[in-house]
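Structure data (compact mmCIF, C-alpha atoms) from model25.txt:
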# COMPACT_ATOMS: atom_id res chain seq x y z
CA MET A 1 0.46 -28.10 79.57
CA THR A 2 2.74 -27.98 76.57
CA ARG A 3 5.89 -30.07 76.69
CA ARG A 4 8.80 -29.34 74.39
CA LEU A 5 11.85 -31.26 73.29
CA THR A 6 14.59 -30.13 70.91
CA LEU A 7 17.05 -32.54 69.32
CA ARG A 8 19.98 -31.87 67.06
CA VAL A 9 21.46 -34.44 64.68
CA THR A 10 24.67 -33.80 62.79
CA GLY A 11 26.06 -37.25 62.06
CA GLY A 12 25.11 -40.57 60.57
CA SER A 13 22.72 -43.35 61.43
CA ALA A 14 24.04 -43.95 64.98
CA GLU A 15 23.26 -40.36 65.92
CA VAL A 16 19.83 -40.59 64.31
CA SER A 17 19.16 -43.76 66.34
CA GLN A 18 20.12 -41.88 69.49
CA ALA A 19 17.74 -39.02 68.65
CA GLN A 20 14.96 -41.55 67.99
CA ALA A 21 15.54 -43.21 71.36
CA THR A 22 15.42 -39.85 73.15
CA LEU A 23 12.18 -38.87 71.41
CA VAL A 24 10.57 -42.26 72.11
CA ALA A 25 11.49 -42.08 75.81
CA TRP A 26 10.12 -38.53 76.02
CA LEU A 27 6.83 -39.61 74.43
CA GLU A 28 6.56 -42.71 76.60
CA GLU A 29 7.01 -40.60 79.73
CA ASP A 30 3.94 -38.70 78.62
CA ASP A 31 1.91 -41.86 77.89
CA ALA A 32 1.64 -41.09 74.19
CA ASP A 33 -0.24 -43.58 72.02
CA PRO A 34 2.09 -46.37 70.77
CA ARG A 35 1.02 -45.71 67.19
CA THR A 36 1.96 -42.03 67.44
CA ILE A 37 5.30 -43.01 68.96
CA ALA A 38 6.01 -45.47 66.15
CA ARG A 39 5.14 -42.87 63.50
CA ALA A 40 7.26 -40.16 65.12
CA GLU A 41 10.22 -42.50 65.41
CA LEU A 42 9.94 -43.45 61.76
CA LEU A 43 9.64 -39.86 60.50
CA VAL A 44 12.74 -38.81 62.41
CA GLU A 45 14.79 -41.38 60.51
CA GLU A 46 13.19 -40.65 57.15
CA ILE A 47 13.51 -36.87 57.32
CA ALA A 48 16.81 -36.47 59.18
CA LEU A 49 18.74 -39.02 57.15
CA ASN A 50 17.35 -37.70 53.91
CA ALA A 51 18.53 -34.19 54.79
CA LEU A 52 21.97 -35.40 55.88
CA ASP A 53 22.56 -37.93 53.07
CA HIS A 54 20.81 -36.38 50.07
CA GLY A 55 20.58 -32.73 51.09
CA GLN A 56 24.17 -32.58 52.37
CA ALA A 57 22.87 -30.78 55.46
CA ARG A 58 25.43 -30.20 58.20
CA GLY A 59 22.75 -30.69 60.81
CA VAL A 60 19.05 -31.17 61.43
CA THR A 61 17.15 -29.67 64.35
CA ILE A 62 14.03 -31.48 65.46
CA ALA A 63 11.59 -29.59 67.67
CA ALA A 64 8.80 -31.64 69.22
CA THR A 65 5.79 -30.10 70.94
CA ARG A 66 3.16 -32.07 72.75
CA ASP A 67 -0.11 -30.62 74.01
CA GLU A 68 -3.80 -31.51 74.06
CA ASP A 69 -3.92 -31.23 70.25
CA GLY A 70 -1.35 -33.98 69.80
CA LEU A 71 2.27 -34.09 68.73
CA GLY A 72 3.84 -31.44 66.53
CA LEU A 73 7.20 -31.92 64.85
CA VAL A 74 9.30 -29.29 63.11
CA PHE A 75 12.45 -30.27 61.23
CA GLU A 76 14.90 -27.63 60.12
CA ASP A 77 18.09 -28.30 58.16
CA ASP A 78 20.71 -26.33 56.26
CA GLY A 79 20.89 -28.66 53.26
CA GLY A 80 19.93 -28.11 49.64
CA ALA A 81 16.36 -26.95 49.01
CA PHE A 82 13.98 -29.88 48.94
CA ASP A 83 10.21 -29.75 49.25
CA PRO A 84 8.94 -33.22 50.19
CA THR A 85 5.34 -32.04 50.04
CA THR A 86 5.48 -31.70 46.23
CA ALA A 87 8.26 -34.14 45.20
CA PRO A 88 6.94 -36.88 42.90
CA LEU A 89 6.04 -40.18 44.55
CA PRO A 90 6.90 -43.61 43.15
CA ASP A 91 4.10 -45.54 41.44
CA LEU A 92 2.89 -47.95 44.12
CA GLU A 93 0.73 -49.93 41.68
CA ARG A 94 3.66 -51.46 39.85
CA ALA A 95 4.22 -55.19 40.10
CA LEU A 96 7.32 -56.52 41.81
CA GLU A 97 9.47 -56.70 38.67
CA GLU A 98 8.78 -53.05 37.86
CA ALA A 99 8.62 -51.69 41.41
CA THR A 100 11.22 -49.02 42.09
CA ILE A 101 13.46 -49.23 45.12
CA GLY A 102 13.56 -45.54 46.04
CA GLY A 103 11.04 -42.97 47.20
CA ARG A 104 9.29 -45.09 49.84
CA GLY A 105 10.34 -42.75 52.65
CA LEU A 106 8.56 -39.92 50.88
CA VAL A 107 5.39 -41.99 50.69
CA LEU A 108 5.57 -42.73 54.42
CA LEU A 109 6.05 -39.05 55.23
CA ARG A 110 3.17 -37.85 53.07
CA LYS A 111 0.76 -40.45 54.39
CA LEU A 112 1.69 -40.53 58.09
CA ALA A 113 2.03 -36.80 58.75
CA THR A 114 -0.94 -34.46 58.82
CA ALA A 115 -0.84 -30.71 58.25
CA LEU A 116 2.47 -31.21 56.45
CA ARG A 117 3.96 -27.84 55.54
CA TYR A 118 7.24 -26.90 53.88
CA GLU A 119 9.01 -23.59 53.67
CA ARG A 120 12.43 -22.41 52.64
CA THR A 121 13.33 -19.95 55.36
CA ALA A 122 14.97 -16.55 54.92
CA GLU A 123 18.20 -18.06 56.27
CA GLY A 124 18.14 -20.62 53.47
CA HIS A 125 17.00 -23.56 55.58
CA ASN A 126 14.46 -26.27 54.83
CA ARG A 127 11.70 -26.14 57.42
CA LEU A 128 9.16 -28.94 57.51
CA SER A 129 6.37 -28.97 60.04
CA MET A 130 3.67 -31.53 60.73
CA THR A 131 1.36 -32.94 63.34
CA LEU A 132 0.96 -36.60 64.18
CA SER A 133 -2.07 -38.39 65.49
CA MET B 1 19.69 -56.86 64.76
CA GLN B 2 20.22 -60.58 64.42
CA ILE B 3 19.10 -63.07 61.83
CA VAL B 4 18.53 -66.69 62.77
CA GLU B 5 18.23 -69.15 59.90
CA THR B 6 16.14 -72.29 60.23
CA ARG B 7 15.37 -74.90 57.59
CA ALA B 8 11.69 -75.84 57.32
CA GLY B 9 11.39 -78.60 54.73
CA ALA B 10 12.37 -77.16 51.37
CA ALA B 11 12.11 -73.59 52.65
CA MET B 12 14.58 -71.45 54.53
CA VAL B 13 13.23 -69.23 57.30
CA ALA B 14 15.23 -66.13 58.24
CA ALA B 15 13.94 -64.79 61.56
CA ILE B 16 15.02 -61.20 62.13
CA ASP B 17 15.27 -59.93 65.68
CA GLY B 18 15.67 -56.19 66.12
CA ARG B 19 15.33 -53.12 63.96
CA LEU B 20 15.42 -53.02 60.18
CA ASP B 21 16.66 -49.50 59.51
CA THR B 22 19.54 -47.51 58.06
CA ALA B 23 21.90 -48.76 60.75
CA THR B 24 21.18 -52.45 60.05
CA ALA B 25 20.18 -52.46 56.36
CA ALA B 26 23.57 -53.35 54.87
CA GLU B 27 24.09 -56.34 57.15
CA ALA B 28 20.53 -57.58 56.67
CA GLU B 29 20.84 -57.28 52.90
CA THR B 30 24.06 -59.29 52.76
CA LYS B 31 22.59 -62.05 54.90
CA LEU B 32 19.24 -62.29 53.14
CA LEU B 33 20.73 -62.27 49.64
CA ALA B 34 23.12 -65.04 50.66
CA LEU B 35 20.14 -67.23 51.59
CA LEU B 36 18.50 -67.00 48.19
CA GLY B 37 20.13 -70.13 46.85
CA ALA B 38 18.68 -72.31 49.61
CA GLY B 39 15.08 -72.79 48.43
CA PRO B 40 11.99 -70.65 49.09
CA LEU B 41 12.89 -67.85 51.49
CA ILE B 42 10.55 -66.76 54.29
CA VAL B 43 11.51 -63.70 56.34
CA ASP B 44 9.93 -63.94 59.78
CA LEU B 45 9.34 -60.43 61.20
CA GLU B 46 7.73 -61.41 64.48
CA ALA B 47 10.58 -59.93 66.55
CA VAL B 48 10.86 -56.76 64.45
CA ARG B 49 9.10 -53.72 65.90
CA TYR B 50 10.58 -51.14 63.55
CA VAL B 51 11.09 -51.02 59.78
CA SER B 52 12.04 -47.79 58.00
CA SER B 53 12.31 -47.14 54.26
CA ALA B 54 15.91 -48.41 54.46
CA GLY B 55 14.54 -51.73 55.74
CA LEU B 56 11.85 -51.77 53.06
CA ARG B 57 14.57 -51.29 50.46
CA VAL B 58 16.34 -54.43 51.68
CA LEU B 59 13.16 -56.50 51.49
CA LEU B 60 12.28 -55.17 48.05
CA LYS B 61 15.76 -55.83 46.72
CA THR B 62 15.69 -59.36 48.10
CA ALA B 63 12.21 -59.96 46.65
CA LYS B 64 13.35 -58.72 43.24
CA GLN B 65 16.45 -60.90 43.22
CA ALA B 66 14.39 -63.88 44.36
CA GLN B 67 12.00 -63.33 41.50
CA SER B 68 14.83 -63.08 38.95
CA ALA B 69 16.28 -66.31 40.34
CA GLY B 70 12.89 -68.06 40.30
CA VAL B 71 12.90 -68.41 44.09
CA LYS B 72 9.73 -67.87 46.17
CA PHE B 73 9.97 -65.06 48.71
CA SER B 74 7.54 -64.11 51.46
CA VAL B 75 7.36 -62.41 54.84
CA CYS B 76 5.35 -63.40 57.90
CA ALA B 77 4.23 -62.31 61.38
CA LEU B 78 4.20 -58.54 60.79
CA GLN B 79 3.69 -56.52 63.98
CA PRO B 80 1.18 -53.61 63.88
CA ALA B 81 3.67 -50.77 63.30
CA VAL B 82 5.48 -52.81 60.64
CA ARG B 83 2.20 -53.75 58.98
CA GLU B 84 1.27 -50.08 58.79
CA VAL B 85 4.54 -49.27 57.03
CA PHE B 86 4.03 -52.18 54.61
CA GLU B 87 0.51 -51.13 53.73
CA ILE B 88 1.27 -47.45 53.29
CA SER B 89 4.25 -48.07 51.07
CA GLY B 90 2.35 -50.57 48.90
CA PHE B 91 4.51 -53.52 49.95
CA ASP B 92 1.50 -55.59 50.97
CA ARG B 93 0.61 -55.71 47.28
CA ILE B 94 3.99 -56.79 45.93
CA ILE B 95 5.42 -59.08 48.61
CA PRO B 96 3.37 -62.08 49.79
CA SER B 97 2.73 -61.79 53.53
CA TYR B 98 1.39 -64.42 55.92
CA ALA B 99 0.03 -64.03 59.45
CA THR B 100 2.20 -66.79 60.88
CA ARG B 101 5.36 -68.69 60.06
CA ALA B 102 3.33 -71.92 59.81
CA GLU B 103 1.09 -70.39 57.14
CA ALA B 104 4.08 -69.15 55.17
CA ILE B 105 5.69 -72.59 55.28
CA ALA B 106 2.43 -74.30 54.30
CA ALA B 107 2.15 -71.96 51.29
CA GLY B 108 5.47 -73.43 50.13
For the structure just supplied, provide its representation as structure tokens.
Amino acid sequence: MTRRLTLRVTGGSAEVSQAQATLVAWLEEDDADPRTIARAELLVEEIALNALDHGQARGVTIAATRDEDGLGLVFEDDGGAFDPTTAPLPDLERALEEATIGGRGLVLLRKLATALRYERTAEGHNRLSMTLS
Amino acid sequence: MQIVETRAGAAMVAAIDGRLDTATAAEAETKLLALLGAGPLIVDLEAVRYVSSAGLRVLLKTAKQAQSAGVKFSVCALQPAVREVFEISGFDRIIPSYATRAEAIAAG
């Protein structure tokens, strides 16, 4: 059976924390693997806050689907166009003195999500879909 | 999120309890940076189950300032989800990490 959950985030970090808690509780109810739960929780913060803070989105909708194939997440926001699947990543081989502070969220997204897909929708929204294992 | 400071010989241990994320990053940064003058700094993450990129940013900034000031900086007791985030983002290669607080203190 497929279970679905839709969350909407329009504000700052407190609202993102609330959405994370709701998603975690929903996954725990369904006995999801703790690692999947941890990854989903993290990606909600990384993607939603990026859209709100850097993309100036007014809101982010998060649609979660859980079935026998695992957990699917789709994020849609009305912020400026941003494709995280092709954005350049920071150089992770740099030593501490040269290491850059930014871009780590992008690294987490690209490495934790599978089947990561971006599209700019006809309505001018960013739509990012992925599955988590 | 709370930070409890404990002196361990020459070193200062900052034990974080809670989440290290966007909501707590500013407070954590202020507290950790303020501890840099007190000898080698060890951040104990045993009671931290969640670190996002905002939390990583705090640790990297603290590590960089420690290095500029000639102060040793390390982390210890990473939980599985936190370890995964550290490894994926390359932090395990730039910030010394120990399995336990005792090992971090012994490393001086």
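For chain A, the residues within 7 Å of chain B are Ser13, Ala14, Arg35, Ala38, Leu42, Leu92, Ala95, Leu96, Glu97, Ile101, Arg104, Gly105, Val107 and Leu108 of chain A, with all atoms listed in the file used to measure distance.
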Using only C-alpha atoms, can you tell me which of A:Ala122, A:Ala32, A:Val60, A:Leu49 comes closest to Val9 in chain A?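 The answer is A:Val60, which sits nearest to Val9 in chain A.
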Determine, using only C-alpha atoms, which residues of range 62-98 of chain B have any atom at most 12 Å from an atom of range 5-17 of chain B, and tabulate each with its shortest atom pair and distance in Å to one decimal place, rows ordered by chain and then rising number, as JSON lines.
{"residue": "B:Val71", "atom": "CA", "partner": "B:Ala11", "partner_atom": "CA", "distance": 10.0}
{"residue": "B:Lys72", "atom": "CA", "partner": "B:Ala11", "partner_atom": "CA", "distance": 9.0}
{"residue": "B:Phe73", "atom": "CA", "partner": "B:Ala11", "partner_atom": "CA", "distance": 9.6}
{"residue": "B:Ser74", "atom": "CA", "partner": "B:Val13", "partner_atom": "CA", "distance": 9.6}
{"residue": "B:Val75", "atom": "CA", "partner": "B:Val13", "partner_atom": "CA", "distance": 9.3}
{"residue": "B:Cys76", "atom": "CA", "partner": "B:Ala15", "partner_atom": "CA", "distance": 9.4}
{"residue": "B:Ala77", "atom": "CA", "partner": "B:Ala15", "partner_atom": "CA", "distance": 10.0}
{"residue": "B:Leu78", "atom": "CA", "partner": "B:Ile16", "partner_atom": "CA", "distance": 11.2}
Residues from the last selection, C-alpha atoms, saved as a JSON list (two decimals), in the coordinates of the input:
[["chain", "number", "residue", "atom", "x", "y", "z"],
["B", 71, "VAL", "CA", 12.90, -68.41, 44.09],
["B", 72, "LYS", "CA", 9.73, -67.87, 46.17],
["B", 73, "PHE", "CA", 9.97, -65.06, 48.71],
["B", 74, "SER", "CA", 7.54, -64.11, 51.46],
["B", 75, "VAL", "CA", 7.36, -62.41, 54.84],
["B", 76, "CYS", "CA", 5.35, -63.40, 57.90],
["B", 77, "ALA", "CA", 4.23, -62.31, 61.38],
["B", 78, "LEU", "CA", 4.20, -58.54, 60.79]]
Distance query 12 Å from (12.6, -38.7, 74.5) using all atoms listed in the file, result as a list in words: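 In the file's frame, the residues around the point are Arg3, Arg4, Leu5, Thr6, Leu7, Ser17, Gln18, Ala19, Gln20, Ala21, Thr22, Leu23, Val24, Ala25, Trp26, Leu27, Glu28, Glu29, Asp30, Asp31, Ala32, Ile37, Ala40, Glu41, Ile62, Ala63, Ala64, Thr65 and Arg66 of chain A.
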Go ahead and save the picked residues with C-alpha atoms, as an mmCIF file, in the coordinates of the input.
data_model
loop_
_atom_site.group_PDB
_atom_site.id
_atom_site.type_symbol
_atom_site.label_atom_id
_atom_site.label_comp_id
_atom_site.auth_asym_id
_atom_site.auth_seq_id
_atom_site.Cartn_x
_atom_site.Cartn_y
_atom_site.Cartn_z
ATOM 1 C CA ARG A 3 5.890 -30.070 76.690
ATOM 2 C CA ARG A 4 8.800 -29.340 74.390
ATOM 3 C CA LEU A 5 11.850 -31.260 73.290
ATOM 4 C CA THR A 6 14.590 -30.130 70.910
ATOM 5 C CA LEU A 7 17.050 -32.540 69.320
ATOM 6 C CA SER A 17 19.160 -43.760 66.340
ATOM 7 C CA GLN A 18 20.120 -41.880 69.490
ATOM 8 C CA ALA A 19 17.740 -39.020 68.650
ATOM 9 C CA GLN A 20 14.960 -41.550 67.990
ATOM 10 C CA ALA A 21 15.540 -43.210 71.360
ATOM 11 C CA THR A 22 15.420 -39.850 73.150
ATOM 12 C CA LEU A 23 12.180 -38.870 71.410
ATOM 13 C CA VAL A 24 10.570 -42.260 72.110
ATOM 14 C CA ALA A 25 11.490 -42.080 75.810
ATOM 15 C CA TRP A 26 10.120 -38.530 76.020
ATOM 16 C CA LEU A 27 6.830 -39.610 74.430
ATOM 17 C CA GLU A 28 6.560 -42.710 76.600
ATOM 18 C CA GLU A 29 7.010 -40.600 79.730
ATOM 19 C CA ASP A 30 3.940 -38.700 78.620
ATOM 20 C CA ASP A 31 1.910 -41.860 77.890
ATOM 21 C CA ALA A 32 1.640 -41.090 74.190
ATOM 22 C CA ILE A 37 5.300 -43.010 68.960
ATOM 23 C CA ALA A 40 7.260 -40.160 65.120
ATOM 24 C CA GLU A 41 10.220 -42.500 65.410
ATOM 25 C CA ILE A 62 14.030 -31.480 65.460
ATOM 26 C CA ALA A 63 11.590 -29.590 67.670
ATOM 27 C CA ALA A 64 8.800 -31.640 69.220
ATOM 28 C CA THR A 65 5.790 -30.100 70.940
ATOM 29 C CA ARG A 66 3.160 -32.070 72.750
#
Rank nothing, just name the residue among A:Arg110, A:Thr10, A:Thr121, A:Arg39 nearest to Leu71 in chain A, using only C-alpha atoms.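 Answer, going by the shortest atom-to-atom distance: A:Arg39.
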Do you have the CA of Glu123 in chain A-CA of Gln56 in chain A distance handy?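 Separating CA of Glu123 in chain A from CA of Gln56 in chain A is a distance of 16.2 Å.
Nearest residue to Thr86 in chain A among A:Arg117, A:Arg127, A:Arg8, A:His54 is A:Arg117, counting all atoms listed in the file.
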Computed interatomic separation between CA of Ala107 in chain B and CA of Val4 in chain B (Å): 20.7 Å
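Remark: for Glu103 in chain B, the closest of the candidate residues B:Leu32, B:Gly55, B:Asp44, B:Thr62 is B:Asp44 (distances computed over all atoms listed in the file).
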Quick one: pull the distance between CA of Arg94 in chain A and CA of Gly70 in chain B, Å, one decimal. 19.0 Å
